[in-house]
>>> print(open('target30.cif').read())   # mmCIF, C-alpha atoms
data_coords
loop_
_atom_site.label_atom_id
_atom_site.label_comp_id
_atom_site.auth_asym_id
_atom_site.auth_seq_id
_atom_site.Cartn_x
_atom_site.Cartn_y
_atom_site.Cartn_z
CA MET A 281 150.43 45.63 71.01
CA CYS A 282 150.54 43.06 73.79
CA LEU A 283 149.62 40.28 71.36
CA VAL A 284 152.51 41.19 69.05
CA GLN A 285 154.96 41.32 71.94
CA MET A 286 153.84 37.89 73.04
CA LEU A 287 154.30 36.52 69.52
CA CYS A 288 157.76 38.06 69.27
CA LEU A 289 158.76 36.48 72.56
CA GLU A 290 157.35 33.12 71.39
CA PHE A 291 159.56 33.19 68.29
CA LYS A 292 162.61 34.65 69.98
CA GLY A 293 165.76 33.99 67.98
CA ILE A 294 163.77 33.46 64.76
CA ALA A 295 163.56 35.97 61.93
CA VAL A 296 159.75 35.81 62.14
CA ALA A 297 159.83 38.11 65.18
CA GLU A 298 161.56 40.79 63.16
CA ILE A 299 159.06 40.36 60.33
CA LEU A 300 156.13 40.71 62.70
CA THR A 301 157.56 43.89 64.20
CA ARG A 302 158.05 45.46 60.78
CA ARG A 303 154.58 44.45 59.61
CA LEU A 304 153.06 45.90 62.78
CA ALA A 305 154.65 49.27 62.01
CA ASP A 306 153.17 49.13 58.50
CA LEU A 307 149.74 48.25 59.84
CA SER A 308 149.88 51.02 62.44
CA GLU A 309 150.27 53.61 59.69
CA ASP A 310 147.04 52.41 58.06
CA SER A 311 143.75 53.83 59.24
CA LEU A 312 142.32 50.58 60.59
CA SER A 313 139.85 50.06 63.36
CA GLU A 314 140.94 48.04 66.36
CA GLU A 315 138.90 45.10 65.06
CA GLY A 316 140.48 45.40 61.60
CA LEU A 317 143.95 45.62 63.09
CA CYS A 318 143.39 42.44 65.10
CA SER A 319 142.09 40.60 62.02
CA LYS A 320 145.10 41.61 59.93
CA LEU A 321 147.43 40.72 62.76
CA LEU A 322 145.94 37.26 63.18
CA ASP A 323 146.26 36.60 59.43
CA LEU A 324 149.87 37.72 59.57
CA SER A 325 150.56 35.56 62.61
CA PHE A 326 149.13 32.47 60.91
CA ALA A 327 151.31 32.98 57.82
CA SER A 328 154.34 33.43 60.04
CA LEU A 329 153.54 30.27 61.94
CA CYS A 330 153.42 28.35 58.65
CA ALA A 331 156.87 29.67 57.76
CA VAL A 332 158.18 28.57 61.15
CA ALA A 333 156.65 25.12 60.70
CA ILE A 334 158.49 24.64 57.40
CA THR A 335 161.75 25.76 59.00
CA PHE A 336 161.28 23.44 61.96
CA SER A 337 160.49 20.54 59.59
CA ALA A 338 163.92 20.76 57.92
CA VAL A 339 165.67 21.25 61.25
CA GLY A 340 163.73 18.32 62.70
CA ALA A 341 164.88 15.92 59.98
CA ALA A 342 168.53 16.74 60.65
CA PHE A 343 167.94 16.46 64.40
CA SER A 344 166.36 13.00 63.98
CA ALA A 345 169.28 11.70 61.89
CA THR A 346 171.78 12.90 64.48
CA LYS A 347 169.77 11.65 67.44
CA ILE A 348 169.28 8.09 66.14
CA GLN A 349 173.00 7.79 65.33
CA GLU A 350 173.79 9.00 68.85
CA ALA A 351 171.33 6.48 70.31
CA TYR A 352 172.88 3.50 68.50
CA LEU A 353 176.40 4.56 69.49
CA HIS A 354 175.37 4.69 73.16
CA TYR A 355 173.69 1.28 72.81
CA GLN A 356 176.80 -0.25 71.24
CA ALA A 357 178.94 1.07 74.11
CA HIS A 358 176.43 -0.33 76.65
CA ARG A 359 175.62 3.21 77.88
CA PHE A 360 171.98 2.20 78.18
CA LYS A 361 170.81 5.20 80.22
CA GLU A 362 172.18 7.68 77.66
CA ALA A 363 170.79 5.51 74.86
CA THR A 364 167.26 5.60 76.29
CA VAL A 365 167.36 9.40 76.44
CA ALA A 366 168.41 9.62 72.78
CA PHE A 367 165.99 6.91 71.62
CA ASP A 368 163.09 8.51 73.54
CA GLN A 369 163.80 11.90 71.94
CA TYR A 370 164.04 10.37 68.47
CA ILE A 371 160.80 8.38 68.86
CA LEU A 372 158.87 11.52 69.79
CA THR A 373 159.17 12.66 66.17
CA ASN A 374 159.43 9.19 64.61
CA PRO A 375 156.72 7.17 66.40
CA HIS A 376 156.49 4.52 63.67
CA ASP A 377 160.18 3.51 63.55
CA ALA A 378 159.78 0.00 64.93
CA ASN A 379 163.53 -0.69 64.92
CA ALA A 380 164.31 2.34 67.10
CA ILE A 381 161.45 1.50 69.48
CA TYR A 382 162.74 -2.08 69.78
CA TYR A 383 166.24 -0.96 70.75
CA ASP A 384 164.81 1.59 73.16
CA ALA A 385 162.90 -1.28 74.80
CA LEU A 386 166.09 -3.36 75.03
CA CYS A 387 167.88 -0.49 76.77
CA HIS A 388 165.07 0.04 79.29
CA GLN A 389 165.03 -3.71 79.95
CA GLN A 390 168.78 -3.64 80.65
CA LEU A 391 168.22 -0.79 83.13
CA GLY A 392 165.45 -2.71 84.89
CA ASN A 393 162.69 -0.33 83.73
CA MET A 394 160.39 -3.25 83.00
CA LEU A 395 157.09 -1.34 82.76
CA ARG A 396 158.57 1.02 80.18
CA ALA A 397 160.24 -1.86 78.32
CA LYS A 398 156.99 -3.85 78.05
CA SER A 399 155.14 -0.77 76.85
CA LEU A 400 157.74 -0.18 74.14
CA TYR A 401 157.72 -3.82 73.01
CA ARG A 402 153.95 -3.52 72.56
CA GLN A 403 154.52 -0.37 70.49
CA VAL A 404 156.86 -2.33 68.22
CA VAL A 405 154.11 -4.86 67.48
CA GLN A 406 151.63 -2.05 66.78
CA ALA A 407 154.07 -0.08 64.62
CA SER A 408 155.19 -3.00 62.43
CA PRO A 409 152.72 -5.91 62.62
CA GLY A 410 153.82 -9.09 60.88
CA SER A 411 157.50 -8.06 60.73
CA GLN A 412 160.61 -9.82 62.04
CA VAL A 413 161.18 -7.14 64.67
CA ALA A 414 157.59 -7.58 65.88
CA SER A 415 158.23 -11.30 66.36
CA TYR A 416 161.36 -10.46 68.38
CA ALA A 417 159.36 -8.07 70.55
CA GLU A 418 156.59 -10.60 71.14
CA SER A 419 159.03 -13.37 72.04
CA ILE A 420 160.43 -11.10 74.77
CA LEU A 421 156.98 -9.94 75.90
CA VAL A 422 155.90 -13.53 76.46
CA LYS A 423 158.84 -13.97 78.87
CA LEU A 424 158.35 -10.65 80.65
CA ASP A 425 154.58 -10.91 80.88
CA PRO A 426 153.22 -14.50 81.02
CA SER A 427 149.69 -13.13 80.52
CA TYR A 428 150.63 -11.66 77.13
CA ARG A 429 149.17 -13.52 74.15
CA PRO A 430 150.94 -13.00 70.79
CA SER A 431 148.68 -11.86 67.99
CA SER A 432 148.87 -13.42 64.55
CA SER A 433 149.96 -10.03 63.19
CA GLY A 434 153.07 -10.12 65.32
CA VAL A 435 154.37 -13.35 63.84
CA ALA A 436 157.23 -12.82 61.42
CA ALA A 437 156.91 -13.89 57.81
CA PRO A 438 158.51 -17.27 57.04
CA PRO A 439 161.97 -17.25 55.45
CA SER A 440 160.57 -18.30 52.07
CA GLN A 441 158.94 -14.88 51.79
CA SER A 442 162.23 -13.00 52.08
CA THR A 443 164.74 -12.49 49.35
CA HIS A 444 167.91 -10.48 48.92
CA SER A 445 169.94 -7.63 50.33
CA ASN A 446 167.81 -4.94 48.72
CA PHE A 447 164.57 -6.77 47.96
CA ALA A 448 162.26 -9.29 49.58
CA ALA A 449 158.92 -10.16 48.03
CA SER A 450 156.08 -11.57 50.09
CA SER A 451 154.01 -12.34 47.01
CA ALA A 452 156.36 -13.26 44.17
CA PRO A 453 154.90 -13.13 40.67
CA SER A 454 154.72 -16.12 38.38
CA GLU A 455 157.48 -17.32 36.04
CA SER A 456 158.55 -15.34 33.01
CA SER A 457 157.94 -16.81 29.56
CA ALA A 458 160.60 -18.28 27.27
CA ILE A 459 163.41 -15.92 26.33
CA GLN A 460 163.70 -14.94 22.63
CA GLY A 461 167.05 -14.21 20.95
CA PRO A 462 170.34 -15.90 20.02
CA ASP A 463 171.88 -18.79 21.92
CA GLN A 464 174.78 -16.62 23.05
CA ALA A 465 175.58 -12.90 23.22
CA ASP A 466 177.76 -10.44 25.13
CA VAL A 467 176.14 -7.60 27.05
CA TYR A 468 178.34 -4.86 28.49
CA TYR A 469 177.64 -3.18 31.80
CA ARG A 470 178.55 0.13 33.40
CA PRO A 471 180.40 -0.29 36.70
CA ASN A 472 178.98 1.93 39.42
CA GLY A 473 181.25 1.32 42.36
CA LYS A 474 180.73 -2.39 43.01
CA GLN A 475 177.42 -2.47 41.13
CA MET A 476 176.89 -3.79 37.59
CA MET A 477 174.44 -1.52 35.74
CA LEU A 478 172.87 -2.74 32.48
CA THR A 479 170.68 -0.81 30.03
CA VAL A 480 167.36 -2.62 29.81
CA GLU A 481 164.27 -1.80 27.74
CA ILE A 482 160.78 -2.07 29.23
CA ASN A 483 158.15 -1.87 26.49
CA GLY A 484 160.79 -0.16 24.36
CA HIS A 485 161.71 2.43 27.02
CA PRO A 486 165.37 2.29 28.15
CA VAL A 487 166.26 2.25 31.86
CA GLU A 488 169.31 1.20 33.89
CA MET A 489 168.97 -1.87 36.09
CA MET A 490 171.45 -3.41 38.51
CA LEU A 491 172.32 -7.06 37.90
CA ASP A 492 171.35 -8.73 41.16
CA THR A 493 171.74 -12.46 41.66
CA GLY A 494 170.06 -12.19 45.07
CA ALA A 495 166.81 -10.68 43.76
CA PRO A 496 164.21 -13.31 42.80
CA VAL A 497 162.32 -10.95 40.48
CA ILE A 498 162.72 -7.99 38.13
CA CYS A 499 161.60 -4.82 39.86
CA ILE A 500 161.41 -1.04 39.50
CA GLY A 501 159.99 1.84 41.53
CA ARG A 502 156.57 3.17 40.61
CA GLU A 503 157.71 6.74 39.93
CA GLN A 504 160.83 5.56 38.11
CA LEU A 505 158.56 3.60 35.79
CA ARG A 506 156.47 6.71 35.21
CA SER A 507 159.61 8.79 34.56
CA ILE A 508 160.57 6.62 31.54
CA GLY A 509 157.13 7.09 29.99
CA ILE A 510 155.21 4.04 31.24
CA THR A 511 152.00 4.40 33.25
CA PRO A 512 152.33 2.38 36.48
CA PRO A 513 149.54 0.19 37.86
CA ALA A 514 146.66 2.00 39.56
CA GLY A 515 144.73 1.15 42.70
CA ALA A 516 145.88 -0.32 45.98
CA PRO A 517 149.07 -2.46 46.05
CA THR A 518 148.48 -6.17 45.53
CA GLY A 519 151.55 -7.41 47.43
CA GLN A 520 154.36 -6.44 49.78
CA ALA A 521 158.15 -6.39 49.68
CA GLY A 522 161.00 -5.76 52.09
CA GLY A 523 164.75 -6.10 52.43
CA SER A 524 167.64 -6.72 54.77
CA SER A 525 168.26 -3.08 55.71
CA ASN A 526 165.24 -3.06 58.02
CA SER A 527 162.05 -4.93 58.82
CA SER A 528 159.65 -2.59 57.04
CA ARG A 529 157.51 -3.58 54.06
CA VAL A 530 156.41 -1.61 50.98
CA GLY A 531 153.50 -2.15 48.62
CA THR A 532 153.97 -3.83 45.22
CA TRP A 533 152.06 -4.45 41.99
CA GLY A 534 152.62 -7.12 39.31
CA MET A 535 152.67 -5.89 35.69
CA ARG A 536 153.18 -7.81 32.43
CA THR A 537 155.65 -6.11 30.07
CA SER A 538 158.14 -6.79 27.30
CA LEU A 539 161.69 -6.82 28.67
CA LYS A 540 164.79 -6.56 26.45
CA VAL A 541 168.39 -7.09 27.64
CA GLY A 542 170.90 -6.79 24.78
CA PRO A 543 169.53 -9.04 22.00
CA PHE A 544 167.41 -11.10 24.42
CA THR A 545 163.69 -10.42 24.86
CA ASP A 546 161.11 -11.73 27.27
CA PRO A 547 157.83 -10.67 25.60
CA ASN A 548 155.70 -11.55 28.60
CA CYS A 549 157.87 -10.60 31.57
CA MET A 550 156.30 -10.18 35.00
CA LEU A 551 157.65 -6.89 36.32
CA GLN A 552 157.31 -6.16 40.02
CA VAL A 553 156.49 -2.47 40.56
CA LEU A 554 157.43 -1.04 43.96
CA GLN A 555 155.62 1.66 45.88
CA ALA A 556 159.04 3.04 46.96
CA ASP A 557 161.70 4.57 44.70
CA ASP A 558 164.69 4.59 47.06
CA ASN A 559 166.92 2.20 45.16
CA ASN A 560 168.06 0.93 41.77
CA ALA A 561 165.78 -1.03 39.49
CA LEU A 562 166.89 -4.68 39.73
CA LEU A 563 167.44 -7.32 37.08
CA GLY A 564 167.00 -10.45 39.17
CA GLN A 565 166.77 -14.21 38.87
CA ALA A 566 163.48 -14.18 36.95
CA PHE A 567 165.63 -13.23 33.95
CA ILE A 568 169.11 -14.44 34.94
CA LYS A 569 168.24 -18.05 35.69
CA HIS A 570 167.32 -18.72 32.05
CA PHE A 571 171.03 -18.48 31.21
CA GLU A 572 174.45 -19.74 32.02
CA TYR A 573 176.26 -16.43 32.38
CA GLN A 574 179.87 -15.36 32.63
CA VAL A 575 180.97 -12.13 34.32
CA ASP A 576 184.27 -10.69 33.13
CA GLN A 577 184.98 -7.74 35.41
CA SER A 578 188.10 -6.63 33.55
CA ALA A 579 186.10 -6.19 30.32
CA HIS A 580 182.86 -5.09 32.05
CA ARG A 581 181.12 -7.79 30.08
CA ILE A 582 178.48 -10.42 30.78
CA ARG A 583 178.30 -13.34 28.33
CA PHE A 584 174.82 -14.87 28.36
CA ASN A 585 174.31 -18.46 27.09
CA LYS A 586 170.79 -19.81 26.95
CA LYS A 587 170.36 -22.85 29.17
CA GLY A 588 170.54 -26.06 27.15
CA SER A 589 172.12 -24.35 24.11
CA GLY A 590 175.45 -26.17 24.57
CA GLY A 591 177.46 -22.95 24.45
CA SER A 592 179.18 -23.44 27.79
CA GLN A 593 182.04 -21.05 28.53
CA GLY A 594 183.11 -22.62 31.81
CA GLN A 595 186.82 -22.29 32.53
CA GLY A 596 189.03 -22.49 35.60
CA ILE A 597 188.19 -24.06 38.96
CA SER A 598 184.65 -25.39 39.43
CA MET A 599 182.80 -24.72 42.67
CA PRO A 600 179.44 -26.47 43.26
CA PHE A 601 176.37 -24.61 44.45
CA THR A 602 172.85 -25.46 45.50
CA PHE A 603 169.99 -23.72 43.72
CA ARG A 604 167.03 -23.24 46.00
CA GLU A 605 163.91 -22.85 43.87
CA GLN A 606 162.03 -21.10 46.65
CA GLY A 607 163.31 -17.55 46.35
CA ASN A 608 165.74 -18.43 43.51
CA ARG A 609 168.78 -18.69 45.80
CA ILE A 610 172.35 -19.59 44.84
CA ILE A 611 173.87 -21.17 47.96
CA VAL A 612 177.63 -21.79 48.19
CA GLU A 613 179.79 -23.26 50.92
CA GLY A 614 182.73 -21.42 52.46
CA GLU A 615 184.47 -20.79 55.74
CA ILE A 616 185.14 -17.87 58.05
CA ASN A 617 188.26 -18.22 60.19
CA GLY A 618 188.17 -21.97 59.56
CA ARG A 619 184.47 -22.44 60.41
CA ARG A 620 182.50 -23.92 57.48
CA SER A 621 179.12 -22.40 56.65
CA ASN A 622 176.75 -21.65 53.77
CA PHE A 623 176.30 -18.28 52.06
CA MET A 624 173.90 -16.80 49.52
CA MET A 625 175.57 -15.36 46.41
CA ASP A 626 174.24 -11.84 46.01
CA THR A 627 175.81 -9.38 43.56
CA GLY A 628 173.27 -6.82 44.77
CA ASN A 629 175.08 -6.71 48.11
CA SER A 630 177.57 -4.02 47.11
CA GLY A 631 178.12 -2.39 50.51
CA THR A 632 180.39 -5.02 52.12
CA GLY A 633 181.92 -8.41 51.37
CA ILE A 634 179.45 -10.25 53.61
CA SER A 635 176.17 -9.03 55.05
CA PHE A 636 174.91 -10.85 58.17
CA HIS A 637 171.24 -10.54 59.03
CA SER A 638 171.90 -9.94 62.74
CA PRO A 639 174.75 -9.74 65.27
CA GLU A 640 173.62 -13.14 66.56
CA GLN A 641 174.05 -14.69 63.11
CA ALA A 642 177.50 -13.10 62.76
CA ALA A 643 178.58 -14.67 66.07
CA LYS A 644 177.19 -18.05 64.98
CA TYR A 645 179.31 -17.84 61.81
CA GLY A 646 182.46 -17.14 63.79
CA ALA A 647 182.47 -13.39 63.14
CA PRO A 648 181.15 -11.75 66.35
CA VAL A 649 180.74 -7.97 66.42
CA PRO A 650 183.82 -6.54 68.17
CA GLU A 651 183.72 -3.83 70.80
CA GLY A 652 183.91 -0.40 69.21
CA ALA A 653 182.62 -1.52 65.79
CA SER A 654 181.41 1.43 63.74
CA ILE A 655 177.76 1.84 62.78
CA ARG A 656 176.70 2.64 59.24
CA SER A 657 173.39 3.27 57.56
CA PHE A 658 172.36 1.02 54.64
CA SER A 659 169.47 1.64 52.29
CA GLY A 660 167.26 -0.83 50.48
CA ILE A 661 163.87 -1.27 48.89
CA SER A 662 162.04 -0.69 52.18
CA GLY A 663 164.18 2.25 53.35
CA SER A 664 167.26 2.53 55.51
CA GLY A 665 168.59 0.69 58.53
CA SER A 666 171.71 0.48 60.64
CA ALA A 667 174.42 -2.17 60.84
CA TYR A 668 177.70 -2.77 62.64
CA VAL A 669 180.58 -2.67 60.16
CA TYR A 670 183.94 -4.30 60.91
CA ASN A 671 186.57 -6.61 59.40
CA ILE A 672 187.10 -10.36 59.77
CA ASN A 673 190.49 -12.04 59.51
CA HIS A 674 189.91 -14.71 56.88
CA LEU A 675 187.30 -15.88 54.36
CA ARG A 676 187.58 -18.75 51.90
CA ILE A 677 185.05 -19.53 49.16
CA GLY A 678 186.30 -22.30 46.87
CA PRO A 679 189.57 -21.00 45.37
CA ILE A 680 188.90 -17.45 46.61
CA ASP A 681 191.02 -16.76 49.68
CA CYS A 682 190.59 -13.33 51.32
CA ASN A 683 192.06 -11.63 54.36
CA ASP A 684 190.76 -8.60 56.24
CA VAL A 685 187.26 -8.73 54.73
CA THR A 686 184.75 -5.97 55.51
CA VAL A 687 181.42 -7.31 56.79
CA ALA A 688 178.17 -5.86 58.11
CA ALA A 689 175.90 -7.21 60.86
CA HIS A 690 172.46 -5.64 60.49
CA MET A 691 170.67 -4.64 63.65
CA ILE A 692 167.16 -5.46 62.46
CA ASN A 693 165.90 -6.84 59.13
CA GLY A 694 163.32 -9.20 57.69
CA PHE A 695 165.50 -12.09 56.53
CA GLY A 696 164.91 -14.45 59.41
CA ASN A 697 167.14 -17.53 59.29
CA GLU A 698 168.42 -17.20 55.72
CA GLU A 699 172.12 -17.42 54.89
CA PRO A 700 174.38 -14.34 55.01
CA LEU A 701 174.76 -12.47 51.74
CA LEU A 702 178.02 -12.96 49.84
CA GLY A 703 178.66 -9.66 48.05
CA HIS A 704 180.15 -8.74 44.70
CA GLU A 705 183.33 -7.52 46.44
CA ILE A 706 184.39 -11.12 47.17
CA PHE A 707 184.54 -11.90 43.44
CA GLU A 708 186.69 -8.89 42.48
CA GLY A 709 189.59 -9.97 40.28
CA TRP A 710 187.79 -13.15 39.20
CA GLN A 711 185.94 -14.07 36.04
CA TYR A 712 183.07 -16.28 37.09
CA THR A 713 180.58 -18.35 35.13
CA VAL A 714 177.34 -19.56 36.72
CA ASP A 715 176.12 -22.82 35.17
CA TYR A 716 172.57 -23.56 36.35
CA ASP A 717 172.38 -26.89 34.50
CA LYS A 718 175.44 -28.38 36.20
CA LYS A 719 175.02 -26.34 39.39
CA VAL A 720 178.62 -25.14 39.40
CA ILE A 721 180.40 -21.78 39.35
CA HIS A 722 183.58 -21.74 37.24
CA LEU A 723 186.19 -19.33 38.66
CA LEU A 724 189.13 -18.02 36.67
CA ARG A 725 191.66 -15.56 38.08
CA ARG A 726 192.01 -12.37 36.00
#
>>> encode(input="target30.cif", output="structure tokens")
Amino acid sequence: MCLVQMLCLEFKGIAVAEILTRRLADLSEDSLSEEGLCSKLLDLSFASLCAVAITFSAVGAAFSATKIQEAYLHYQAHRFKEATVAFDQYILTNPHDANAIYYDALCHQQLGNMLRAKSLYRQVVQASPGSQVASYAESILVKLDPSYRPSSSGVAAPPSQSTHSNFAASSAPSESSAIQGPDQADVYYRPNGKQMMLTVEINGHPVEMMLDTGAPVICIGREQLRSIGITPPAGAPTGQAGGSSNSSRVGTWGMRTSLKVGPFTDPNCMLQVLQADDNNALLGQAFIKHFEYQVDQSAHRIRFNKKGSGGSQGQGISMPFTFREQGNRIIVEGEINGRRSNFMMDTGNSGTGISFHSPEQAAKYGAPVPEGASIRSFSGISGSGSAYVYNINHLRIGPIDCNDVTVAAHMINGFGNEEPLLGHEIFEGWQYTVDYDKKVIHLLRR
């Protein structure tokens, strides 16, 4: 009896206590020995504990989401003491979230809690070795503790290993083979908010992919591949990938397939298969760069012209761009509030007009994060991350002149010193043609 009372007190306020009491009454009516009663009671208690664990798991997930949001809001308002309390509570149940640990360390450093700050910076390096956030932590550790020696695992990957807003490959596969099909054809897409979704066939199996000029490869999640009837690669991942939402990395495999987009086929396409399935499959530059292509947003149509076929559809005002082979980047020049800078064209960046890789980069581009900026969560290939979201007064890209543009400044990601991402939103209302041979974008107002 005492044992049951103790259990009921332990689970006070939970329905398990009521269940235990009822089950005790049932057991008491049975003709059991004291030893048998204890055995039954212990079995019952264990089952009840399992039920409580499941309940607490769901409650814990909601608690974590609320707590990390609270922590970032305190940090933004420079309420560092309150932020450390919230970060510390969140990290108790999320000990591998390197971004949260890093910001917790920053807060403790601001408060002068140097021993705690140094300990947390070391945790960042242990939780996410080789990431951008680990390199940040180590650069601070070296200043706080001259005896600290950075490990090779804490050095961030070079910029050439990062890619776009939702995908960054550390081991990019080799080039696709020649594209088969007509010289020119129209392919229609389904608009999904600011995303362009095309029906693509992989080994004859249809799947939707997002057209993404910022992705260097063609990629799909492992389970999504399985869901359309294709067996994904087995064994341990052979590469890694990440994105701008955070500094985490996920495993990848390379897989040769036949890829069909409209009437165009790549019979020997290198498909990058991702260990995570948190985002859209992406039709990236490994396919796109074989064409001059024209996007007509009013008709939801993409007109593909094979490079060198002579079927140019360029109209309107021409804007030059630089094509960076390493990472397959389209780099254009523009200006924010009169300050000239370079941007990476990325139709996969559908969350805001411009995505900065850090608050420091935003300030460098003339778009510092204002006091009271809201914080939003963004998801990508490697999971979710947080960013400040606010508006800038003026953006000009060639003939495109925009006022009151929504931008995001990510708190932590793996893009290093690469250019900010110029999203699909900036090109709304324009028909644009990307000519890789002449390295120009033709813009026509629609």
>>> resolve_selection(input="target30.cif", expression="the PyMOL selection byres ((chain A and resi 545-551) around 6)", output="compact mmCIF listing (two decimals) with C-alpha atoms, keeping the file's coordinate frame")
# COMPACT_ATOMS: atom_id res chain seq x y z
CA SER A 456 158.55 -15.34 33.01
CA SER A 457 157.94 -16.81 29.56
CA ILE A 459 163.41 -15.92 26.33
CA GLN A 460 163.70 -14.94 22.63
CA ILE A 498 162.72 -7.99 38.13
CA CYS A 499 161.60 -4.82 39.86
CA GLY A 534 152.62 -7.12 39.31
CA MET A 535 152.67 -5.89 35.69
CA ARG A 536 153.18 -7.81 32.43
CA THR A 537 155.65 -6.11 30.07
CA SER A 538 158.14 -6.79 27.30
CA LEU A 539 161.69 -6.82 28.67
CA LYS A 540 164.79 -6.56 26.45
CA PHE A 544 167.41 -11.10 24.42
CA GLN A 552 157.31 -6.16 40.02
>>> resolve_selection(input="target30.cif", expression="the PyMOL selection byres ((chain A and resi 610) around 8)", output="ChimeraX atom specification")
/A:493-494,601-604,608-609,611-612,624-625
>>> closest_residue(input="target30.cif", among="A:Ser635, A:Gln577, A:Thr627, A:Thr518", to="A:Glu699", atoms="all atoms listed in the file")
A:Ser635
>>> resolve_selection(input="target30.cif", expression="the PyMOL selection byres ((chain A and resi 355) around 10)", output="ChimeraX atom specification")
/A:349-354,356-364,366-367,383-384,386-387
>>> write_last_selection(input="target30.cif", atoms="C-alpha atoms", output="tab-separated table (two decimals), in the coordinates of the input")
chain	number	residue	atom	x	y	z
A	349	GLN	CA	173.00	7.79	65.33
A	350	GLU	CA	173.79	9.00	68.85
A	351	ALA	CA	171.33	6.48	70.31
A	352	TYR	CA	172.88	3.50	68.50
A	353	LEU	CA	176.40	4.56	69.49
A	354	HIS	CA	175.37	4.69	73.16
A	356	GLN	CA	176.80	-0.25	71.24
A	357	ALA	CA	178.94	1.07	74.11
A	358	HIS	CA	176.43	-0.33	76.65
A	359	ARG	CA	175.62	3.21	77.88
A	360	PHE	CA	171.98	2.20	78.18
A	361	LYS	CA	170.81	5.20	80.22
A	362	GLU	CA	172.18	7.68	77.66
A	363	ALA	CA	170.79	5.51	74.86
A	364	THR	CA	167.26	5.60	76.29
A	366	ALA	CA	168.41	9.62	72.78
A	367	PHE	CA	165.99	6.91	71.62
A	383	TYR	CA	166.24	-0.96	70.75
A	384	ASP	CA	164.81	1.59	73.16
A	386	LEU	CA	166.09	-3.36	75.03
A	387	CYS	CA	167.88	-0.49	76.77
>>> residues_around(input="target30.cif", residues="A:Met599", least_positions_apart="3", cutoff="7 Å", atoms="all atoms listed in the file", output="ChimeraX atom specification")
/A:678,720-722
>>> atom_distance(input="target30.cif", atom1="atom CA of A:Ala688", atom2="atom CA of A:Pro471")
22.2 Å
>>> atom_distance(input="target30.cif", atom1="atom CA of A:Val480", atom2="atom CA of A:Lys586")
17.8 Å
>>> residues_around(input="target30.cif", residues="A:Leu702", least_positions_apart="3", cutoff="12 Å", atoms="only C-alpha atoms", output="PyMOL selection string")
chain A and resi 444-445+492-494+609-616+621-637+675-677+685-688+699+705-707
>>> closest_residue(input="target30.cif", among="A:Lys718, A:Phe584, A:Tyr712, A:Val649", to="A:Gly461", atoms="all atoms listed in the file")
A:Phe584
>>> closest_residue(input="target30.cif", among="A:Ala407, A:Leu400, A:Ile510, A:Leu562", to="A:Leu478", atoms="only C-alpha atoms")
A:Leu562
>>> atom_distance(input="target30.cif", atom1="atom CA of A:Arg619", atom2="atom CA of A:Ala643")
11.3 Å
>>> closest_residue(input="target30.cif", among="A:Val575, A:Ala689, A:Leu701, A:Val487", to="A:Asp466", atoms="all atoms listed in the file")
A:Val575
>>> closest_residue(input="target30.cif", among="A:Arg470, A:Lys587, A:His376, A:Arg506", to="A:Met490", atoms="only C-alpha atoms")
A:Arg470
>>> closest_residue(input="target30.cif", among="A:Val422, A:Ile672, A:Ala414, A:Ala579", to="A:Tyr645", atoms="all atoms listed in the file")
A:Ile672
>>> residues_around(input="target30.cif", residues="A:Gln504", least_positions_apart="6", cutoff="10 Å", atoms="only C-alpha atoms", output="PDB file with C-alpha atoms, in the coordinates of the input")
ATOM      1  CA  VAL A 487     166.260   2.250  31.860  1.00  0.00           C
ATOM      2  CA  ILE A 510     155.210   4.040  31.240  1.00  0.00           C
ATOM      3  CA  PRO A 512     152.330   2.380  36.480  1.00  0.00           C
ATOM      4  CA  VAL A 553     156.490  -2.470  40.560  1.00  0.00           C
ATOM      5  CA  LEU A 554     157.430  -1.040  43.960  1.00  0.00           C
ATOM      6  CA  ALA A 556     159.040   3.040  46.960  1.00  0.00           C
ATOM      7  CA  ASP A 557     161.700   4.570  44.700  1.00  0.00           C
ATOM      8  CA  ASP A 558     164.690   4.590  47.060  1.00  0.00           C
ATOM      9  CA  ASN A 559     166.920   2.200  45.160  1.00  0.00           C
ATOM     10  CA  ASN A 560     168.060   0.930  41.770  1.00  0.00           C
ATOM     11  CA  ALA A 561     165.780  -1.030  39.490  1.00  0.00           C
TER      12      ALA A 561
END
>>> residues_around(input="target30.cif", residues="A:Pro496", least_positions_apart="4", cutoff="6 Å", atoms="all atoms listed in the file", output="PyMOL selection string")
chain A and resi 564-566+607-608
>>> write_last_selection(input="target30.cif", atoms="C-alpha atoms", output="JSON list (two decimals), keeping the file's coordinate frame")
[["chain", "number", "residue", "atom", "x", "y", "z"],
["A", 564, "GLY", "CA", 167.00, -10.45, 39.17],
["A", 565, "GLN", "CA", 166.77, -14.21, 38.87],
["A", 566, "ALA", "CA", 163.48, -14.18, 36.95],
["A", 607, "GLY", "CA", 163.31, -17.55, 46.35],
["A", 608, "ASN", "CA", 165.74, -18.43, 43.51]]
